[in-house]
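Shown here: my_file13.pdb, PDB, C-alpha atoms, pLDDT in the B column.
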```pdb
MODEL        1
ATOM      1  CA  MET A  20      -6.689   2.172 -57.631  1.00 58.00           C
ATOM      2  CA  LYS A  21      -6.574   0.677 -54.130  1.00 54.00           C
ATOM      3  CA  LYS A  22      -2.873  -0.091 -54.593  1.00 54.00           C
ATOM      4  CA  ILE A  23      -2.139   3.509 -55.574  1.00 55.00           C
ATOM      5  CA  ILE A  24      -4.009   4.894 -52.546  1.00 53.00           C
ATOM      6  CA  LEU A  25      -2.248   2.430 -50.259  1.00 48.00           C
ATOM      7  CA  LEU A  26       1.113   3.366 -51.784  1.00 46.00           C
ATOM      8  CA  LEU A  27       0.435   7.091 -51.366  1.00 46.00           C
ATOM      9  CA  CYS A  28      -0.639   6.630 -47.735  1.00 46.00           C
ATOM     10  CA  SER A  29       2.494   4.603 -47.019  1.00 48.00           C
ATOM     11  CA  ILE A  30       4.713   7.271 -48.584  1.00 54.00           C
ATOM     12  CA  LEU A  31       3.015  10.016 -46.570  1.00 46.00           C
ATOM     13  CA  LEU A  32       3.393   8.102 -43.321  1.00 44.00           C
ATOM     14  CA  LEU A  33       7.018   7.238 -43.960  1.00 47.00           C
ATOM     15  CA  SER A  34       7.933  10.754 -45.015  1.00 46.00           C
ATOM     16  CA  ALA A  35       6.324  12.432 -42.005  1.00 44.00           C
ATOM     17  CA  PRO A  36       8.948  14.051 -39.806  1.00 44.00           C
ATOM     18  CA  ILE A  37       9.802  12.201 -36.635  1.00 40.00           C
ATOM     19  CA  THR A  38      10.676  14.487 -33.772  1.00 36.00           C
ATOM     20  CA  SER A  39      12.773  13.712 -30.740  1.00 34.00           C
ATOM     21  CA  ASN A  40       9.614  14.108 -28.676  1.00 37.00           C
ATOM     22  CA  ALA A  41       8.018  11.050 -30.231  1.00 38.00           C
ATOM     23  CA  PHE A  42       6.717   8.410 -27.875  1.00 33.00           C
ATOM     24  CA  SER A  43       9.378   6.140 -26.525  1.00 32.00           C
ATOM     25  CA  LEU A  44       9.005   2.864 -24.730  1.00 33.00           C
ATOM     26  CA  SER A  45      10.323   4.426 -21.532  1.00 37.00           C
ATOM     27  CA  THR A  46       7.758   7.216 -21.770  1.00 35.00           C
ATOM     28  CA  LEU A  47       4.952   4.749 -22.338  1.00 34.00           C
ATOM     29  CA  LEU A  48       6.058   2.610 -19.408  1.00 37.00           C
ATOM     30  CA  GLY A  49       6.563   5.570 -17.093  1.00 42.00           C
ATOM     31  CA  SER A  50      10.273   5.070 -16.457  1.00 47.00           C
ATOM     32  CA  ASP A  51      10.923   8.790 -16.959  1.00 49.00           C
ATOM     33  CA  LYS A  52       8.664   9.482 -13.974  1.00 40.00           C
ATOM     34  CA  LYS A  53      10.307   6.673 -12.003  1.00 43.00           C
ATOM     35  CA  GLU A  54      13.760   8.114 -12.723  1.00 56.00           C
ATOM     36  CA  ALA A  55      12.633  11.545 -11.580  1.00 52.00           C
ATOM     37  CA  ALA A  56      11.143  10.073  -8.409  1.00 51.00           C
ATOM     38  CA  THR A  57      14.352   8.174  -7.717  1.00 69.00           C
ATOM     39  CA  GLU A  58      16.540  11.235  -8.302  1.00 74.00           C
ATOM     40  CA  SER A  59      14.447  13.342  -5.942  1.00 84.00           C
ATOM     41  CA  ASN A  60      14.347  10.664  -3.229  1.00 94.00           C
ATOM     42  CA  PRO A  61      15.901  12.030  -0.005  1.00 96.00           C
ATOM     43  CA  ILE A  62      17.789   8.786   0.682  1.00 96.00           C
ATOM     44  CA  VAL A  63      19.318   8.829  -2.797  1.00 97.00           C
ATOM     45  CA  GLY A  64      20.292  12.464  -2.275  1.00 96.00           C
ATOM     46  CA  LEU A  65      21.877  11.683   1.086  1.00 96.00           C
ATOM     47  CA  LEU A  66      23.853   8.735  -0.295  1.00 97.00           C
ATOM     48  CA  THR A  67      25.092  10.536  -3.414  1.00 97.00           C
ATOM     49  CA  GLU A  68      26.113  13.572  -1.389  1.00 96.00           C
ATOM     50  CA  GLN A  69      27.834  11.691   1.430  1.00 97.00           C
ATOM     51  CA  LEU A  70      29.436   8.896  -0.604  1.00 97.00           C
ATOM     52  CA  GLY A  71      30.152  10.566  -3.941  1.00 97.00           C
ATOM     53  CA  ILE A  72      28.380   7.864  -5.962  1.00 97.00           C
ATOM     54  CA  SER A  73      25.961   8.015  -8.877  1.00 97.00           C
ATOM     55  CA  THR A  74      22.206   8.258  -8.511  1.00 96.00           C
ATOM     56  CA  GLU A  75      21.888   4.783 -10.065  1.00 96.00           C
ATOM     57  CA  GLN A  76      24.334   3.295  -7.545  1.00 97.00           C
ATOM     58  CA  ALA A  77      22.619   5.027  -4.623  1.00 97.00           C
ATOM     59  CA  ALA A  78      19.137   3.948  -5.677  1.00 97.00           C
ATOM     60  CA  GLY A  79      20.153   0.374  -6.505  1.00 96.00           C
ATOM     61  CA  GLY A  80      22.209  -0.095  -3.340  1.00 97.00           C
ATOM     62  CA  ALA A  81      19.517   1.362  -1.102  1.00 97.00           C
ATOM     63  CA  GLY A  82      16.961  -0.706  -3.004  1.00 97.00           C
ATOM     64  CA  ALA A  83      18.910  -3.889  -2.296  1.00 97.00           C
ATOM     65  CA  LEU A  84      19.105  -3.190   1.437  1.00 97.00           C
ATOM     66  CA  LEU A  85      15.438  -2.215   1.574  1.00 97.00           C
ATOM     67  CA  ALA A  86      14.398  -5.290  -0.437  1.00 96.00           C
ATOM     68  CA  LEU A  87      16.249  -7.466   2.064  1.00 97.00           C
ATOM     69  CA  ALA A  88      14.422  -5.651   4.851  1.00 97.00           C
ATOM     70  CA  GLY A  89      11.092  -6.178   3.110  1.00 94.00           C
ATOM     71  CA  ASN A  90      11.816  -9.891   2.818  1.00 93.00           C
ATOM     72  CA  SER A  91      12.967 -10.231   6.439  1.00 95.00           C
ATOM     73  CA  LEU A  92      10.925  -7.924   8.685  1.00 96.00           C
ATOM     74  CA  SER A  93       7.638  -8.660  10.415  1.00 94.00           C
ATOM     75  CA  GLY A  94       4.432  -7.299   8.890  1.00 93.00           C
ATOM     76  CA  SER A  95       4.179  -4.351  11.280  1.00 96.00           C
ATOM     77  CA  GLU A  96       7.823  -3.409  10.751  1.00 97.00           C
ATOM     78  CA  GLN A  97       7.369  -3.632   6.976  1.00 95.00           C
ATOM     79  CA  SER A  98       4.371  -1.319   7.206  1.00 96.00           C
ATOM     80  CA  GLU A  99       6.308   1.191   9.270  1.00 97.00           C
ATOM     81  CA  LEU A 100       9.261   1.048   6.871  1.00 96.00           C
ATOM     82  CA  ASN A 101       6.930   1.607   3.901  1.00 95.00           C
ATOM     83  CA  SER A 102       5.462   4.671   5.590  1.00 96.00           C
ATOM     84  CA  LYS A 103       8.878   6.176   6.423  1.00 96.00           C
ATOM     85  CA  ILE A 104      10.592   5.842   3.035  1.00 93.00           C
ATOM     86  CA  PRO A 105       9.151   7.922   0.215  1.00 90.00           C
ATOM     87  CA  GLY A 106       9.335   6.126  -3.113  1.00 91.00           C
ATOM     88  CA  LEU A 107      10.341   2.810  -1.571  1.00 92.00           C
ATOM     89  CA  GLU A 108       9.064   0.942  -4.620  1.00 92.00           C
ATOM     90  CA  SER A 109      11.153   3.066  -6.996  1.00 93.00           C
ATOM     91  CA  LEU A 110      14.236   2.243  -4.927  1.00 94.00           C
ATOM     92  CA  THR A 111      13.634  -1.494  -4.871  1.00 94.00           C
ATOM     93  CA  SER A 112      12.878  -1.441  -8.601  1.00 93.00           C
ATOM     94  CA  SER A 113      16.288   0.220  -9.141  1.00 94.00           C
ATOM     95  CA  ILE A 114      18.019  -3.072  -8.384  1.00 95.00           C
ATOM     96  CA  PRO A 115      19.674  -4.314 -11.601  1.00 92.00           C
ATOM     97  CA  THR A 116      17.374  -6.370 -13.815  1.00 89.00           C
ATOM     98  CA  GLY A 117      16.966  -9.967 -12.767  1.00 87.00           C
ATOM     99  CA  MET A 118      18.538  -9.513  -9.342  1.00 91.00           C
ATOM    100  CA  SER A 119      15.646  -8.232  -7.230  1.00 83.00           C
ATOM    101  CA  SER A 120      14.130 -11.673  -6.655  1.00 84.00           C
ATOM    102  CA  MET A 121      17.409 -13.042  -5.323  1.00 88.00           C
ATOM    103  CA  VAL A 122      17.842 -10.518  -2.482  1.00 94.00           C
ATOM    104  CA  GLY A 123      17.376 -12.758   0.543  1.00 94.00           C
ATOM    105  CA  ASN A 124      20.561 -12.303   2.573  1.00 95.00           C
ATOM    106  CA  MET A 125      23.583 -10.029   2.871  1.00 96.00           C
ATOM    107  CA  ASP A 126      25.586 -12.091   0.375  1.00 95.00           C
ATOM    108  CA  SER A 127      22.974 -11.333  -2.272  1.00 95.00           C
ATOM    109  CA  VAL A 128      23.045  -7.635  -1.297  1.00 96.00           C
ATOM    110  CA  ASN A 129      26.822  -7.718  -1.825  1.00 96.00           C
ATOM    111  CA  THR A 130      26.239  -9.268  -5.266  1.00 95.00           C
ATOM    112  CA  VAL A 131      23.886  -6.414  -6.176  1.00 96.00           C
ATOM    113  CA  PHE A 132      26.439  -3.869  -4.978  1.00 97.00           C
ATOM    114  CA  SER A 133      29.065  -5.536  -7.159  1.00 96.00           C
ATOM    115  CA  ALA A 134      26.739  -5.427 -10.190  1.00 96.00           C
ATOM    116  CA  LEU A 135      26.328  -1.684  -9.552  1.00 97.00           C
ATOM    117  CA  GLY A 136      30.092  -1.210  -9.602  1.00 97.00           C
ATOM    118  CA  LEU A 137      30.278  -0.772  -5.825  1.00 97.00           C
ATOM    119  CA  ASP A 138      32.653  -2.599  -3.529  1.00 94.00           C
ATOM    120  CA  SER A 139      30.808  -4.782  -1.038  1.00 89.00           C
ATOM    121  CA  SER A 140      32.418  -2.752   1.757  1.00 93.00           C
ATOM    122  CA  MET A 141      30.117   0.105   0.695  1.00 96.00           C
ATOM    123  CA  VAL A 142      27.256  -1.731   2.419  1.00 95.00           C
ATOM    124  CA  THR A 143      28.792  -0.668   5.723  1.00 96.00           C
ATOM    125  CA  LYS A 144      28.571   2.948   4.548  1.00 97.00           C
ATOM    126  CA  PHE A 145      25.032   2.759   3.146  1.00 97.00           C
ATOM    127  CA  ALA A 146      23.376   1.148   6.163  1.00 97.00           C
ATOM    128  CA  PRO A 147      24.286   3.826   8.755  1.00 97.00           C
ATOM    129  CA  LEU A 148      23.171   6.615   6.426  1.00 97.00           C
ATOM    130  CA  ILE A 149      19.810   4.953   5.760  1.00 97.00           C
ATOM    131  CA  LEU A 150      19.390   4.344   9.504  1.00 97.00           C
ATOM    132  CA  LYS A 151      20.280   8.000  10.166  1.00 97.00           C
ATOM    133  CA  TYR A 152      17.595   9.078   7.708  1.00 97.00           C
ATOM    134  CA  LEU A 153      15.022   6.754   9.280  1.00 97.00           C
ATOM    135  CA  THR A 154      15.888   8.037  12.769  1.00 97.00           C
ATOM    136  CA  SER A 155      15.274  11.589  11.538  1.00 96.00           C
ATOM    137  CA  GLN A 156      11.796  10.436  10.448  1.00 96.00           C
ATOM    138  CA  ASP A 157      10.857   9.352  14.001  1.00 96.00           C
ATOM    139  CA  THR A 158      11.112   5.670  13.145  1.00 97.00           C
ATOM    140  CA  SER A 159      10.575   3.353  16.105  1.00 97.00           C
ATOM    141  CA  THR A 160      13.636   2.054  17.922  1.00 97.00           C
ATOM    142  CA  GLY A 161      12.325  -1.477  17.331  1.00 97.00           C
ATOM    143  CA  LEU A 162      12.534  -1.045  13.560  1.00 97.00           C
ATOM    144  CA  ILE A 163      15.906   0.734  13.754  1.00 97.00           C
ATOM    145  CA  ASP A 164      17.266  -2.117  15.923  1.00 97.00           C
ATOM    146  CA  SER A 165      15.870  -4.775  13.544  1.00 97.00           C
ATOM    147  CA  LEU A 166      17.430  -3.090  10.521  1.00 97.00           C
ATOM    148  CA  GLY A 167      20.744  -2.592  12.339  1.00 97.00           C
ATOM    149  CA  LYS A 168      20.891  -6.311  13.121  1.00 97.00           C
ATOM    150  CA  LEU A 169      19.799  -7.306   9.630  1.00 97.00           C
ATOM    151  CA  TRP A 170      22.291  -5.069   7.849  1.00 96.00           C
ATOM    152  CA  GLY A 171      24.902  -5.668  10.586  1.00 89.00           C
TER
ENDMDL
END
```
Please express what this file holds, its structure, as structure tokens.
Amino acid sequence: MKKIILLLCSILLLSAPITSNAFSLSTLLGSDKKEAATESNPIVGLLTEQLGISTEQAAGGAGALLALAGNSLSGSEQSELNSKIPGLESLTSSIPTGMSSMVGNMDSVNTVFSALGLDSSMVTKFAPLILKYLTSQDTSTGLIDSLGKLWG
């Protein structure tokens, strides 16, 4: 009797319709929200509009430059940068998988750009646009100067 009940329950579960709105791993992990936050990020919008690149390329490239900044700036400059860039974490987490921990110099930023399908010369187009955005947010000249030197 137990086998019959178990068999009937299994059949019912397996025959239940599965809709496209079923839980997905990305939904459970919140990546849908992260994608939406990245797409609505003003820096991503500026880069995609000005450079004609994809949202993924804009977010990953900006993320690489900002990760380098986070690894290189003083504590007070890091704090200011964090307060000026909405969704900074979503940008830095847009770096291709396995590459975020290696961003420690401009060569590694160029490697990330290459992995995103961007020529390394695009770094020289990203940096001024990010600096322009930060200037519009009343960022201190000290931080702007530090980032300009870092991203040179």
**Fill in**
The residue from A:Ile149, A:Met141, A:Val128, A:Ala83 with the smallest atom-to-atom distance to Val63 in chain A, counting all atoms listed in the file, is A:Ile149
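Using all atoms listed in the file, the nearest neighbour of Gly89 in chain A within the list A:Thr130, A:Ser139, A:Thr67, A:Thr111 is A:Thr111.
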**Asked** Which residues, written as an NGL selection string, have at least one atom at most 12 Å from Gln69 in chain A, with only C-alpha atoms counted and residues fewer than 5 positions away on the same chain left out?
**Response** :A and (62-64 or 74 or 77 or 141 or 144-145 or 147-149)
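Checking A:Leu84, A:Leu107, A:Leu92, A:Ala78 one by one against Ser127 in chain A, counting only C-alpha atoms, you find the shortest gap at A:Leu84.
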**Request:** Would you list the contacts of Leu100 in chain A as a ChimeraX atom specification, taking every protein, DNA or RNA residue within 10 Å and counting all atoms listed in the file, but skipping same-chain residues closer than 2 positions in sequence?
**Result:** /A:85,88-89,92,94-98,102-105,107,153,158-159,162-163,166
**Request:** Go ahead and find all residues with at least one atom no further than 12 Å from (22.2, -9.1, 11.7) in the file's coordinates, using all atoms listed in the file; report them as a ChimeraX atom specification.
**Result:** /A:87-88,91-92,124-125,146,163-171
Those residues you just picked out, can you put them in a file as a tab-separated table (two decimals), in the frame of the given file with C-alpha atoms?
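Written out: out.tsv:
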```
chain	number	residue	atom	x	y	z
A	87	LEU	CA	16.25	-7.47	2.06
A	88	ALA	CA	14.42	-5.65	4.85
A	91	SER	CA	12.97	-10.23	6.44
A	92	LEU	CA	10.92	-7.92	8.68
A	124	ASN	CA	20.56	-12.30	2.57
A	125	MET	CA	23.58	-10.03	2.87
A	146	ALA	CA	23.38	1.15	6.16
A	163	ILE	CA	15.91	0.73	13.75
A	164	ASP	CA	17.27	-2.12	15.92
A	165	SER	CA	15.87	-4.78	13.54
A	166	LEU	CA	17.43	-3.09	10.52
A	167	GLY	CA	20.74	-2.59	12.34
A	168	LYS	CA	20.89	-6.31	13.12
A	169	LEU	CA	19.80	-7.31	9.63
A	170	TRP	CA	22.29	-5.07	7.85
A	171	GLY	CA	24.90	-5.67	10.59
```
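Between CA of Asp157 in chain A and CA of Leu137 in chain A there is a distance of 29.5 Å.
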**Item:** Selected residue of minimal separation from Gly123 in chain A among A:Leu110, A:Ala86, A:Val142, A:Leu150, counting all atoms listed in the file
**Value:** A:Ala86
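Atom pair CA of Gly79 in chain A / CA of Asp126 in chain A: separated by 15.2 Å.
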**Request:** Have a look at CA of Gln156 in chain A and CA of Val131 in chain A and let me know their distance in Å, one decimal.
**Result:** 26.6 Å
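Proximity to Asn129 in chain A was assessed for A:Gly80, A:Leu70, A:Ser113, A:Ser93 counting all atoms listed in the file; the smallest distance is recorded for A:Gly80.
Among the candidates A:Ser133, A:Ser155, A:Ser59, A:Ser73, the residue lying nearest to Pro115 in chain A is A:Ser133 (atoms considered: all atoms listed in the file).
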